[in-house]
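Coordinates as given in query.csv (CSV, C-alpha atoms):
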chain,number,residue,atom,x,y,z
A,18,SER,CA,77.7,110.6,75.4
A,19,ILE,CA,80.3,113.4,75.4
A,20,PHE,CA,83.8,112.7,76.7
A,21,THR,CA,86.2,115.5,77.7
A,22,LYS,CA,89.8,115.0,78.9
A,23,ALA,CA,92.5,117.4,80.1
A,24,ARG,CA,96.1,116.7,81.2
A,25,ILE,CA,98.6,119.1,82.9
A,26,GLU,CA,102.2,118.0,83.4
A,27,TYR,CA,105.6,119.4,84.4
A,28,GLN,CA,108.7,117.7,83.2
A,29,LEU,CA,112.4,118.1,84.1
A,30,HIS,CA,115.1,116.5,81.9
A,31,GLY,CA,118.7,115.7,82.7
A,32,LYS,CA,121.3,117.7,80.7
A,33,THR,CA,123.7,114.8,80.2
A,34,ASP,CA,123.7,111.0,80.3
A,35,LYS,CA,125.8,111.1,83.5
A,36,ASP,CA,123.2,113.0,85.5
A,37,PHE,CA,121.8,111.1,88.5
A,38,LEU,CA,118.3,112.4,87.8
A,39,ARG,CA,117.5,111.7,84.2
A,40,TYR,CA,113.8,112.6,84.1
A,41,LEU,CA,111.1,113.9,86.5
A,42,GLU,CA,107.4,114.3,85.9
A,43,ILE,CA,104.5,115.6,87.9
A,44,ALA,CA,101.1,115.3,86.2
A,45,SER,CA,97.4,115.7,86.7
A,46,THR,CA,94.8,114.1,84.4
A,47,GLN,CA,91.1,114.7,84.5
A,48,ASN,CA,88.2,113.5,82.4
A,49,ILE,CA,84.4,113.5,82.5
A,50,LYS,CA,81.7,111.7,80.5
A,51,THR,CA,78.2,113.1,80.3
A,52,ALA,CA,75.0,112.4,78.5
A,53,TYR,CA,74.8,114.0,75.1
A,54,ASP,CA,72.5,116.7,76.3
A,55,PHE,CA,74.6,117.3,79.5
A,56,SER,CA,71.6,116.2,81.6
A,57,ASN,CA,73.6,113.6,83.6
A,58,ILE,CA,77.3,112.9,84.5
A,59,ASN,CA,78.0,109.3,83.7
A,60,SER,CA,81.5,109.2,85.1
A,61,HIS,CA,84.5,111.4,86.0
A,62,TYR,CA,88.1,110.6,86.8
A,63,TRP,CA,91.0,112.5,88.3
A,64,GLU,CA,94.6,111.2,88.7
A,65,VAL,CA,97.5,112.9,90.3
A,66,MET,CA,100.9,111.2,89.8
A,67,CYS,CA,104.6,111.9,89.9
A,68,GLY,CA,107.7,109.9,89.1
A,69,ALA,CA,111.4,110.0,88.2
A,70,MET,CA,114.1,108.0,86.3
A,71,PHE,CA,117.6,107.7,87.8
A,72,ASN,CA,120.8,106.7,85.9
A,73,ASN,CA,118.8,104.9,83.2
A,74,SER,CA,118.5,101.9,85.5
A,75,PHE,CA,115.8,102.7,88.1
A,76,ASP,CA,112.5,104.6,88.0
A,77,PHE,CA,109.5,104.9,90.2
A,78,TRP,CA,106.0,106.2,89.6
A,79,THR,CA,103.3,106.8,92.2
A,80,GLY,CA,99.9,108.4,92.3
A,81,ILE,CA,96.2,108.1,93.1
A,82,GLU,CA,93.1,107.7,90.9
A,83,LEU,CA,89.8,109.1,92.0
A,84,THR,CA,86.8,107.9,90.0
A,85,MET,CA,83.0,108.2,90.0
A,86,GLU,CA,80.8,105.8,88.0
A,87,ASN,CA,77.0,106.2,87.7
A,88,TYR,CA,75.6,102.7,87.5
A,89,ILE,CA,71.9,101.9,87.4
A,90,GLY,CA,71.0,105.4,88.6
A,91,GLU,CA,73.4,105.6,91.5
A,92,ASP,CA,76.8,107.4,91.8
A,93,HIS,CA,79.7,105.3,93.1
A,94,TYR,CA,83.0,106.9,94.2
A,95,MET,CA,86.2,104.9,94.2
A,96,TYR,CA,89.9,105.5,94.9
A,97,TYR,CA,93.1,103.7,93.8
A,98,PRO,CA,96.5,104.7,95.2
A,99,TRP,CA,99.3,102.9,93.2
A,100,LEU,CA,103.1,102.5,93.0
A,101,ASN,CA,105.1,101.2,90.1
A,102,LEU,CA,108.9,100.4,90.4
A,103,ASN,CA,111.2,99.4,87.5
A,104,TYR,CA,114.8,98.3,87.7
A,105,GLU,CA,117.2,97.5,84.9
A,106,PRO,CA,120.7,96.8,86.2
A,107,PHE,CA,121.9,95.8,82.7
A,108,LYS,CA,120.3,95.3,79.3
A,109,GLN,CA,119.9,91.6,79.8
A,110,LEU,CA,117.7,91.9,82.8
A,111,LYS,CA,114.7,94.1,83.7
A,112,MET,CA,112.2,93.9,86.6
A,113,SER,CA,109.0,95.8,87.4
A,114,PHE,CA,106.5,95.7,90.2
A,115,LEU,CA,103.1,97.3,90.4
A,116,ILE,CA,100.9,97.5,93.5
A,117,VAL,CA,97.4,99.1,93.7
A,118,ASP,CA,95.1,99.4,96.7
A,119,GLY,CA,91.8,101.1,97.2
A,120,GLU,CA,88.1,100.5,96.7
A,121,ASN,CA,86.5,99.0,93.6
A,122,LEU,CA,83.0,98.8,92.1
A,123,TYR,CA,81.5,95.4,91.2
A,124,PHE,CA,78.9,95.7,88.5
A,125,GLY,CA,76.1,93.4,89.7
A,126,TYR,CA,72.9,92.6,88.0
A,127,ASP,CA,70.8,94.4,90.6
A,128,GLY,CA,73.2,97.4,91.2
A,129,GLY,CA,76.8,98.3,92.0
A,130,GLU,CA,78.6,97.1,95.1
A,131,LYS,CA,81.8,98.5,96.4
A,132,ALA,CA,84.5,96.5,98.1
A,133,ASP,CA,88.2,96.7,99.0
A,134,TYR,CA,90.5,96.2,96.0
A,135,TYR,CA,94.0,94.8,95.7
A,136,LYS,CA,96.2,94.5,92.7
A,137,TYR,CA,99.8,93.1,92.4
A,138,GLU,CA,101.7,92.7,89.1
A,139,THR,CA,105.3,91.6,88.6
A,140,THR,CA,107.3,91.3,85.4
A,141,LEU,CA,110.7,89.9,84.7
A,142,ASN,CA,112.4,90.4,81.3
A,143,ILE,CA,115.5,88.3,80.5
A,144,ARG,CA,117.6,88.6,77.3
A,145,PRO,CA,120.2,85.8,77.4
A,146,ALA,CA,121.2,86.5,73.8
A,147,ASN,CA,120.6,89.3,71.3
A,148,PHE,CA,118.2,87.1,69.3
A,149,PHE,CA,116.2,85.7,72.3
A,150,ASP,CA,113.9,87.4,74.8
A,151,LEU,CA,112.0,85.9,77.7
A,152,GLU,CA,109.3,87.6,79.7
A,153,PHE,CA,107.5,86.3,82.8
A,154,LYS,CA,104.4,88.0,84.3
A,155,HIS,CA,102.3,87.3,87.4
A,156,ARG,CA,99.1,89.2,88.1
A,157,TYR,CA,96.8,89.1,91.1
A,158,HIS,CA,93.6,91.1,91.2
A,159,GLU,CA,91.0,90.9,94.0
A,160,THR,CA,87.8,92.6,94.8
A,161,GLU,CA,87.1,91.4,98.3
A,162,GLY,CA,84.1,89.0,98.5
A,163,LYS,CA,83.6,89.2,94.7
A,164,TYR,CA,86.4,87.6,92.8
A,165,ILE,CA,90.1,86.7,92.8
A,166,ALA,CA,91.9,86.7,89.4
A,167,ARG,CA,95.3,85.1,89.0
A,168,THR,CA,97.3,85.1,85.7
A,169,TYR,CA,100.6,83.6,84.9
A,170,GLU,CA,102.2,84.4,81.5
A,171,THR,CA,105.4,83.5,79.7
A,172,GLU,CA,106.4,85.2,76.4
A,173,ALA,CA,109.3,84.0,74.3
A,174,LYS,CA,110.6,85.8,71.2
A,175,PHE,CA,113.2,84.5,68.7
A,176,GLN,CA,114.5,87.0,66.2
A,177,PHE,CA,116.7,84.7,64.0
A,178,HIS,CA,116.9,87.3,61.2
A,179,LYS,CA,116.3,91.0,61.1
A,180,ASN,CA,113.3,90.4,58.8
A,181,PHE,CA,111.9,87.3,60.6
A,182,TRP,CA,110.9,86.6,64.2
A,183,PHE,CA,108.7,84.2,66.1
A,184,ARG,CA,106.8,84.9,69.3
A,185,ALA,CA,104.8,82.7,71.5
A,186,ILE,CA,102.7,83.5,74.6
A,187,LEU,CA,101.6,80.9,77.1
A,188,GLN,CA,99.0,82.2,79.6
A,189,ILE,CA,97.4,80.3,82.6
A,190,THR,CA,94.5,81.9,84.4
A,191,ASN,CA,92.9,80.7,87.7
A,192,HIS,CA,89.9,82.7,88.9
A,193,ASP,CA,87.8,82.4,92.0
A,194,MET,CA,84.4,83.9,91.0
A,195,ILE,CA,83.2,84.1,94.6
A,196,VAL,CA,79.8,85.7,93.7
A,197,TYR,CA,79.0,82.8,91.4
A,198,GLY,CA,80.7,80.1,93.5
A,199,GLU,CA,82.8,79.0,90.4
A,200,ASN,CA,86.5,78.4,89.7
A,201,PRO,CA,87.2,78.8,86.0
A,202,ARG,CA,90.7,77.9,84.9
A,203,ARG,CA,92.1,78.4,81.4
A,204,ILE,CA,95.3,77.6,79.5
A,205,SER,CA,95.9,79.7,76.4
A,206,LEU,CA,98.6,79.6,73.7
A,207,TYR,CA,99.2,82.4,71.2
A,208,PRO,CA,102.0,81.7,68.5
A,209,LEU,CA,102.9,84.4,66.0
A,210,PHE,CA,105.2,84.4,63.1
A,211,THR,CA,106.3,87.8,61.6
A,212,TYR,CA,107.9,88.6,58.3
A,213,LYS,CA,108.9,92.2,57.7
A,214,PRO,CA,110.5,92.6,54.3
A,215,SER,CA,110.7,96.5,54.6
A,216,SER,CA,110.0,99.3,57.0
A,217,LYS,CA,106.6,99.8,55.4
A,218,THR,CA,105.4,96.2,55.1
A,219,ALA,CA,104.9,93.4,57.7
A,220,ILE,CA,103.1,90.1,57.4
A,221,TYR,CA,101.8,88.3,60.5
A,222,ILE,CA,100.7,84.6,60.7
A,223,GLY,CA,99.3,83.6,64.1
A,224,ALA,CA,96.8,81.4,65.9
A,225,SER,CA,95.2,81.0,69.4
A,226,GLY,CA,94.1,78.0,71.4
A,227,ASN,CA,92.3,77.7,74.7
A,228,GLU,CA,91.5,74.9,77.1
A,229,GLU,CA,89.1,75.8,79.9
A,230,GLN,CA,87.7,73.9,82.9
A,231,THR,CA,85.2,75.2,85.5
A,232,GLU,CA,84.4,73.8,88.9
A,233,GLN,CA,82.2,74.7,91.8
A,234,ILE,CA,84.2,76.2,94.6
A,235,SER,CA,82.2,74.7,97.5
A,236,SER,CA,82.0,71.1,96.4
A,237,ARG,CA,84.6,71.1,93.5
A,238,ASP,CA,82.0,69.4,91.4
A,239,PHE,CA,82.9,69.4,87.7
A,240,LEU,CA,80.8,71.8,85.7
A,241,LYS,CA,82.2,72.1,82.2
A,242,ASP,CA,85.3,71.5,80.1
A,243,TYR,CA,86.0,72.9,76.6
Translate this structure into structure tokens?
Amino acid sequence: SIFTKARIEYQLHGKTDKDFLRYLEIASTQNIKTAYDFSNINSHYWEVMCGAMFNNSFDFWTGIELTMENYIGEDHYMYYPWLNLNYEPFKQLKMSFLIVDGENLYFGYDGGEKADYYKYETTLNIRPANFFDLEFKHRYHETEGKYIARTYETEAKFQFHKNFWFRAILQITNHDMIVYGENPRRISLYPLFTYKPSSKTAIYIGASGNEEQTEQISSRDFLKDY
């Protein structure tokens, strides 16, 4: 396949740190993917977005994505209006919120099916001390009648020395796979130790572990556990 992408943007920057409007951007992004001989358009995408940053503490971004996916010989057109808000009242606290609406494509075995789509994501960053960071995330994605995906994530980072730090991520997922009538749930842990002796060298030691259970939505019968 051949993939082509173009982006056009206009930027406006504040002149001093005291300016109320620090940064403004209006942009348009397009891409298209075709078969190698240009005989068929596999997908195309167009996003129009704008956003601004104010006083280094608040910024907002909004836009709409228009997409087309050719799946099993049929063209499917989707749209996703979205809004992203970020607020940082001081360096120890930062909050962000993302909301997406629109129409999504579910890739079924017999063909694609479109349905209403909802997506909400919230993030809270806390820095109680210079060496300790905490981040909490909540994600909710739904394609109506197909699936509901919920994720809860906590990330902690301890930087007890400029060359050493430890980071751990705990993630809990709870999905309703409506099309399959199943409810998989998973708990995952990702610890990571980092040693950075110089600006050119870093050594990472990490691991991952998962515990998963699956039940049947209708009867809650136990299906599998590993």
What's around Ala173 in chain A at 7 Å? Count all atoms listed in the file, leave out sequence neighbours fewer than 6 positions away in its own chain, and write the answer as a PyMOL selection string. chain A and resi 150-152+184-186
Output C-alpha atoms for every residue in that selection, as a PDB file, keeping the file's coordinate frame.
ATOM      1  CA  ASP A 150     113.900  87.400  74.800  1.00  0.00           C
ATOM      2  CA  LEU A 151     112.000  85.900  77.700  1.00  0.00           C
ATOM      3  CA  GLU A 152     109.300  87.600  79.700  1.00  0.00           C
ATOM      4  CA  ARG A 184     106.800  84.900  69.300  1.00  0.00           C
ATOM      5  CA  ALA A 185     104.800  82.700  71.500  1.00  0.00           C
ATOM      6  CA  ILE A 186     102.700  83.500  74.600  1.00  0.00           C
TER       7      ILE A 186
END
Interatomic distance, CA of Gly80 in chain A to CA of Gln47 in chain A (Å, one decimal):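 It comes out at 13.3 Å.
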Name the residues in contact with range 208-213 of chain A at a cut-off of 6 Å, using all atoms listed in the file, excluding same-chain residues fewer than 3 positions from it; report them as a ChimeraX atom specification. /A:180-185,218-224
Nearby residues (all atoms listed in the file) at most 10 Å from Phe148 in chain A, same-chain spacing under 3 positions excluded, as a list in words: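 My list of contacting residues is Arg144, Pro145, Lys174, Phe175, Gln176, Phe177, His178, Lys179 and Trp182 of chain A.
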Write out as a PyMOL selection string which residues come within 10 Å of His192 in chain A when counting only C-alpha atoms, dropping same-chain ones fewer than 2 positions away. chain A and resi 157-159+164-168+190+194-195+199-203+231
Excluding range 126-134 of chain A and its own-chain neighbours fewer than 2 positions away, which residues fall within 10 Å of it when counting all atoms listed in the file? Please give them as a tab-separated table (two decimals) with C-alpha atoms, in the frame of the given file.
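What ended up in selection-v3.tsv:
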chain	number	residue	atom	x	y	z
A	86	GLU	CA	80.80	105.80	88.00
A	87	ASN	CA	77.00	106.20	87.70
A	88	TYR	CA	75.60	102.70	87.50
A	89	ILE	CA	71.90	101.90	87.40
A	90	GLY	CA	71.00	105.40	88.60
A	91	GLU	CA	73.40	105.60	91.50
A	92	ASP	CA	76.80	107.40	91.80
A	93	HIS	CA	79.70	105.30	93.10
A	94	TYR	CA	83.00	106.90	94.20
A	95	MET	CA	86.20	104.90	94.20
A	96	TYR	CA	89.90	105.50	94.90
A	97	TYR	CA	93.10	103.70	93.80
A	117	VAL	CA	97.40	99.10	93.70
A	118	ASP	CA	95.10	99.40	96.70
A	119	GLY	CA	91.80	101.10	97.20
A	120	GLU	CA	88.10	100.50	96.70
A	121	ASN	CA	86.50	99.00	93.60
A	122	LEU	CA	83.00	98.80	92.10
A	123	TYR	CA	81.50	95.40	91.20
A	124	PHE	CA	78.90	95.70	88.50
A	136	LYS	CA	96.20	94.50	92.70
A	158	HIS	CA	93.60	91.10	91.20
A	159	GLU	CA	91.00	90.90	94.00
A	160	THR	CA	87.80	92.60	94.80
A	161	GLU	CA	87.10	91.40	98.30
A	162	GLY	CA	84.10	89.00	98.50
A	163	LYS	CA	83.60	89.20	94.70
Between CA of Thr140 in chain A and CA of Asn73 in chain A, distance in Å (one decimal):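 Separation of CA of Thr140 in chain A and CA of Asn73 in chain A: 17.9 Å.
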CA of Leu29 in chain A and CA of Ile116 in chain A are how many Å apart?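 Between CA of Leu29 in chain A and CA of Ile116 in chain A the gap works out to 25.4 Å.
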So which one's closest to Thr171 in chain A, A:Gly198, A:Phe107, A:Tyr207, A:Ser225? Using all atoms listed in the file, please. A:Tyr207
Quick one: of A:Gln233, A:Ser74, A:Thr84, A:Ser205, who's nearest to Leu38 in chain A, counting only C-alpha atoms?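 Nearest candidate to Leu38 in chain A out of A:Gln233, A:Ser74, A:Thr84, A:Ser205: A:Ser74.
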Counting all atoms listed in the file, the option among A:Ser215, A:Ser18, A:Gln28, A:Thr33 closest to Thr51 in chain A: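 Closest to Thr51 in chain A, using all atoms listed in the file: A:Ser18.
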Can you take the partial range 225-241 of chain A, add N, CA and C atoms, and return it as a short mmCIF file (atom, residue, chain, number, x, y, z; two decimals), keeping the file's coordinate frame?
data_model
loop_
_atom_site.label_atom_id
_atom_site.label_comp_id
_atom_site.auth_asym_id
_atom_site.auth_seq_id
_atom_site.Cartn_x
_atom_site.Cartn_y
_atom_site.Cartn_z
N SER A 225 95.52 80.97 67.91
CA SER A 225 95.20 81.00 69.40
C SER A 225 94.51 79.70 69.70
N GLY A 226 94.79 79.20 70.89
CA GLY A 226 94.10 78.00 71.40
C GLY A 226 93.85 78.11 72.86
N ASN A 227 92.70 77.60 73.30
CA ASN A 227 92.30 77.70 74.70
C ASN A 227 91.76 76.36 75.21
N GLU A 228 92.11 76.03 76.44
CA GLU A 228 91.50 74.90 77.10
C GLU A 228 91.02 75.39 78.47
N GLU A 229 89.72 75.21 78.72
CA GLU A 229 89.10 75.80 79.90
C GLU A 229 88.36 74.70 80.70
N GLN A 230 88.47 74.79 82.03
CA GLN A 230 87.70 73.90 82.90
C GLN A 230 87.05 74.84 83.98
N THR A 231 85.87 74.46 84.43
CA THR A 231 85.20 75.20 85.50
C THR A 231 84.66 74.22 86.53
N GLU A 232 84.92 74.56 87.79
CA GLU A 232 84.40 73.80 88.90
C GLU A 232 83.66 74.63 89.88
N GLN A 233 82.88 73.98 90.73
CA GLN A 233 82.20 74.70 91.80
C GLN A 233 83.08 74.81 92.99
N ILE A 234 83.20 76.01 93.53
CA ILE A 234 84.20 76.20 94.60
C ILE A 234 83.85 75.42 95.85
N SER A 235 82.60 75.37 96.25
CA SER A 235 82.20 74.70 97.50
C SER A 235 82.46 73.22 97.47
N SER A 236 81.97 72.55 96.45
CA SER A 236 82.00 71.10 96.40
C SER A 236 83.08 70.58 95.42
N ARG A 237 83.65 71.48 94.60
CA ARG A 237 84.60 71.10 93.50
C ARG A 237 83.97 70.15 92.53
N ASP A 238 82.65 70.23 92.39
CA ASP A 238 82.00 69.40 91.40
C ASP A 238 82.36 69.96 89.98
N PHE A 239 82.56 69.04 89.06
CA PHE A 239 82.90 69.40 87.70
C PHE A 239 81.73 69.99 86.97
N LEU A 240 81.90 71.18 86.40
CA LEU A 240 80.80 71.80 85.70
C LEU A 240 80.88 71.74 84.22
N LYS A 241 82.04 72.13 83.66
CA LYS A 241 82.20 72.10 82.20
C LYS A 241 83.64 72.06 81.82
#
